[in-house]
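A.B. asks: Would you mind keeping the following structure in view while I ask a few things?
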Amino acid sequence: GHRGRWSAWTDGWGEDWAIGMGMVVNVASVVSIVALNKHIQHSLNVELPVFISSLHMISVAVLLRLFMLLGFITNKPVPARTAAAKGALDCLSLAFMNVSLAKNSVGVYQLTKMALTPVTVVVQYLIMGKAVSVRTGLALLPLCVGITAATVTDISATVEGSLWGAAAVGVTIWSQLATQNIFTNVMRDVDATTLLYHTSPWIALGQLCLTPFLDRSWGPRGLLSMDASWVLNPAVASSCLIAMLVNTTNYYVIGRTSAVTFQVLGHAKTLLAIALGFLVFGAPIHTKNALAILVSFCAMMTHLHVRMEEGKRRQPSNRPLFLLYLLLAAVAVAWTHLP
């Protein structure tokens with residue numbers, strides 16, 4: 001049947017090429033939206049992360065309906081219960097991550113995000129009976145070590161902050177595995193744009209409901225006491241358009257790969273954000289940071305190589321893993337002698 005021009009266009013490429021492009025667009029759009037959100041926060045003096053997220057999702061819902069009218073995407077029915085449940089999970093994931101960031105130091109928050117990968121591997125094994133291969137596990141280990149060393153500088157944990165962090169991890173993994181399950185088991189003929197078409201109004205509604213609880217509503221810089229003209233700023237409009245790319249590629253990459261691969265991609269965004277901090281904003285770079293980023297990047301490339309080879313039912317070469325652990329050993333030795 002007719003699957004819309006977008007699907008027909010991507011299906012013409014090889015599967016790997018389409019997934020690779022989805023990953024590149026995802027990383028680029030997420031890093032762009034983070035930069036725009038920082039600009040909105042500092043230059044426009046607007047600190048309303050949940051309300052801005054709801055603006056993003058309203059824009060996504062409206063744009064997808066416009067695309068459907070123009071014939072770029074076709075609507076396939078998705079049960080309202082499935083769409084509402086998936087929307088609620090996405091909403092809670094965002095809310096808990098925001099509260100976790102507010103209640104914890106940046107170091108603990110980054111540790112929470114890093115914990116997503118090993119916890120997903122364990123949850124998939126215990127609940128779904130799905131184990132990762134030894135090679136995938138061996139590639140993930142240096143990645144988690146490298147990301148932790150590169151991003152976690154201060155660990156001042158509180159009981160309340162830790163509980164919010166654990167809730168954020170639990171709901172985010174549940175949401176990502178639900179996405180994976182919808183594409184692989186529940187509705188195999190539904191693509192990322194169709195699922196987003198159905199979930200975006202629910203996510204927007206949920207975020208609007210959460211705004212009074214998670215954003216400042218009254219007082220100075222509160223939502224209801226600010227001049228509304230900031231909503232029309234080009235930076236806000238641009239972030240709403242980029243949100244379309246972020247959300248479509250989020251669903252696309254999880255659906256075509258796995259929740260674990262999507263989290264590895266999340267670590268790529270973290271590394272890129274750190275690198276931009278050094279290169280663009282002139283943040284001081286330390287040798288230890290640089291080495292941790294190098295290990296993380298090499299581990300990420302090794303993981304993607306192993307996943308692609310296993311996806312083609314080919315036995316991956318052990319050479320990339322051998323070189324990765326050689327690098328890890330060399331960095332570990334150098335680490336002890338660095339200030």
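Residue numbers start at 1 in each chain; chains themselves are named A, B, ... in the order of the structure tokens; ligands are numbered from 1 in the order shown.
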From a backbone DSSP assignment, name each residue in segment 177-277 of chain A labelled alpha helix (DSSP H), as number ranges by chain.
C.D. replies: A: 177-181, 192-214, 234-256, 259-277
A.B. asks: Do you have, as CSV, the list of residues of segment 194-286 of chain A lying at most 9 Å from segment 14-26 of chain A, each with its nearest atom pair and that distance in Å to one decimal, counting only C-alpha atoms and ordered by chain then number?
C.D. replies:
```
residue,atom,partner,partner_atom,distance
A:Leu245,CA,A:Asn26,CA,6.9
A:Val246,CA,A:Asn26,CA,5.6
A:Asn247,CA,A:Asn26,CA,8.4
A:Thr248,CA,A:Asn26,CA,8.5
A:Thr249,CA,A:Asn26,CA,5.4
A:Asn250,CA,A:Asn26,CA,6.7
A:Tyr252,CA,A:Gly22,CA,7.1
A:Val253,CA,A:Gly22,CA,6.4
A:Arg256,CA,A:Ile19,CA,7.0
A:Thr257,CA,A:Ile19,CA,8.0
A:Phe262,CA,A:Met23,CA,8.6
A:Leu265,CA,A:Met23,CA,7.3
A:Lys269,CA,A:Asn26,CA,8.9
```
A.B. asks: Report the closest atom pair, with its distance in Å rounded to one decimal, for each residue of segment 79-155 of chain A that has an atom no farther than 8 Å from segment 301-304 of chain A; count only C-alpha atoms, sort by chain and then rising residue number, and write it as a tab-separated table.
C.D. replies:
```
residue	atom	partner	partner_atom	distance
A:Thr136	CA	A:His303	CA	6.1
A:Ala139	CA	A:His303	CA	5.2
A:Leu140	CA	A:His303	CA	6.7
```
A.B. asks: Which residues of segment 237-285 of chain A sit at most 9 Å from segment 162-178 of chain A, using only C-alpha atoms? Give each one's shortest atom pair and distance in Å (one decimal place), in chain and ascending residue order, as a Markdown table.
C.D. replies:
```
| residue | atom | partner | partner_atom | distance |
| --- | --- | --- | --- | --- |
| A:Tyr251 | CA | A:Gln176 | CA | 8.7 |
| A:Ile254 | CA | A:Gln176 | CA | 7.2 |
| A:Ser258 | CA | A:Leu177 | CA | 8.2 |
| A:Ala259 | CA | A:Gln176 | CA | 5.7 |
| A:Phe262 | CA | A:Gln176 | CA | 8.7 |
```
A.B. asks: Do you know which residues are at most 8 Å from segment 328-333 of chain A counting only C-alpha atoms, after dropping those on the same chain fewer than 2 positions away, and could you put them as a ChimeraX atom specification?
C.D. replies: /A:142,291,295,324-326,335-337
A.B. asks: Keeping only all heavy atoms, write the selected residues to a file as a short mmCIF file (atom, residue, chain, number, x, y, z; two decimals), in the first residue's frame.
C.D. replies:
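Final output, part23.cif:
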```cif
data_model
loop_
_atom_site.label_atom_id
_atom_site.label_comp_id
_atom_site.auth_asym_id
_atom_site.auth_seq_id
_atom_site.Cartn_x
_atom_site.Cartn_y
_atom_site.Cartn_z
N PRO A 142 33.61 -0.26 28.45
CA PRO A 142 34.49 0.92 28.37
C PRO A 142 33.72 2.21 28.07
O PRO A 142 34.13 3.29 28.49
CB PRO A 142 35.45 0.59 27.21
CG PRO A 142 35.35 -0.88 27.02
CD PRO A 142 33.96 -1.25 27.43
N LEU A 291 41.14 12.25 27.39
CA LEU A 291 41.36 10.80 27.30
C LEU A 291 40.05 10.03 27.51
O LEU A 291 39.77 9.06 26.81
CB LEU A 291 42.39 10.36 28.35
CG LEU A 291 43.85 10.75 28.07
CD1 LEU A 291 44.74 10.37 29.24
CD2 LEU A 291 44.37 10.09 26.78
N VAL A 295 38.29 7.47 24.81
CA VAL A 295 37.88 6.09 25.12
C VAL A 295 36.39 5.90 24.80
O VAL A 295 36.00 4.91 24.16
CB VAL A 295 38.16 5.74 26.61
CG1 VAL A 295 37.48 4.43 27.00
CG2 VAL A 295 39.66 5.64 26.85
N LEU A 324 40.35 -1.64 21.44
CA LEU A 324 39.64 -0.80 22.42
C LEU A 324 40.18 -1.06 23.83
O LEU A 324 40.45 -0.11 24.58
CB LEU A 324 38.14 -1.10 22.36
CG LEU A 324 37.26 -0.40 23.40
CD1 LEU A 324 37.31 1.12 23.23
CD2 LEU A 324 35.82 -0.89 23.30
N TYR A 325 40.37 -2.34 24.18
CA TYR A 325 40.85 -2.67 25.53
C TYR A 325 42.33 -2.33 25.70
O TYR A 325 42.78 -2.01 26.80
CB TYR A 325 40.54 -4.13 25.88
CG TYR A 325 39.15 -4.26 26.44
CD1 TYR A 325 38.04 -4.36 25.60
CD2 TYR A 325 38.92 -4.18 27.82
CE1 TYR A 325 36.74 -4.41 26.11
CE2 TYR A 325 37.64 -4.25 28.34
CZ TYR A 325 36.56 -4.36 27.48
OH TYR A 325 35.29 -4.40 28.00
N LEU A 326 43.07 -2.36 24.59
CA LEU A 326 44.47 -1.92 24.62
C LEU A 326 44.52 -0.42 24.94
O LEU A 326 45.32 0.02 25.79
CB LEU A 326 45.11 -2.18 23.24
CG LEU A 326 46.62 -2.42 23.18
CD1 LEU A 326 47.01 -3.62 24.04
CD2 LEU A 326 47.06 -2.66 21.74
N TRP A 335 46.47 7.50 33.44
CA TRP A 335 45.56 8.20 34.37
C TRP A 335 46.20 8.41 35.74
O TRP A 335 46.08 9.47 36.35
CB TRP A 335 44.28 7.38 34.51
CG TRP A 335 43.11 8.13 35.06
CD1 TRP A 335 42.74 8.26 36.37
CD2 TRP A 335 42.11 8.86 34.32
NE1 TRP A 335 41.59 9.00 36.50
CE2 TRP A 335 41.19 9.38 35.24
CE3 TRP A 335 41.91 9.10 32.96
CZ2 TRP A 335 40.07 10.14 34.85
CZ3 TRP A 335 40.82 9.85 32.57
CH2 TRP A 335 39.92 10.38 33.51
N THR A 336 46.87 7.34 36.23
CA THR A 336 47.45 7.40 37.58
C THR A 336 48.58 8.43 37.68
O THR A 336 48.92 8.87 38.78
CB THR A 336 48.00 6.02 37.99
OG1 THR A 336 48.90 5.57 36.96
CG2 THR A 336 46.87 4.99 38.11
N HIS A 337 49.17 8.80 36.52
CA HIS A 337 50.30 9.74 36.54
C HIS A 337 49.87 11.17 36.18
O HIS A 337 50.70 12.08 36.15
CB HIS A 337 51.38 9.28 35.56
CG HIS A 337 51.94 7.93 35.89
ND1 HIS A 337 52.76 7.72 36.99
CD2 HIS A 337 51.78 6.72 35.30
CE1 HIS A 337 53.09 6.43 37.05
NE2 HIS A 337 52.49 5.80 36.03
#
```
A.B. asks: Find the residues near segment 201-215 of chain A: any atom within 12 Å, counting only C-alpha atoms, skip ones fewer than 2 places away on the same chain, and give them as number ranges by chain.
C.D. replies: A: 46-65, 80-103, 195-199, 217-219, 221-224, 247
A.B. asks: As a PyMOL selection string, please: the residues near Lys288 of chain A (cut-off 10 Å, only C-alpha atoms, same-chain neighbours under 4 positions excluded).
C.D. replies: chain A and resi 149-150+292-294+331+334-335+338-339
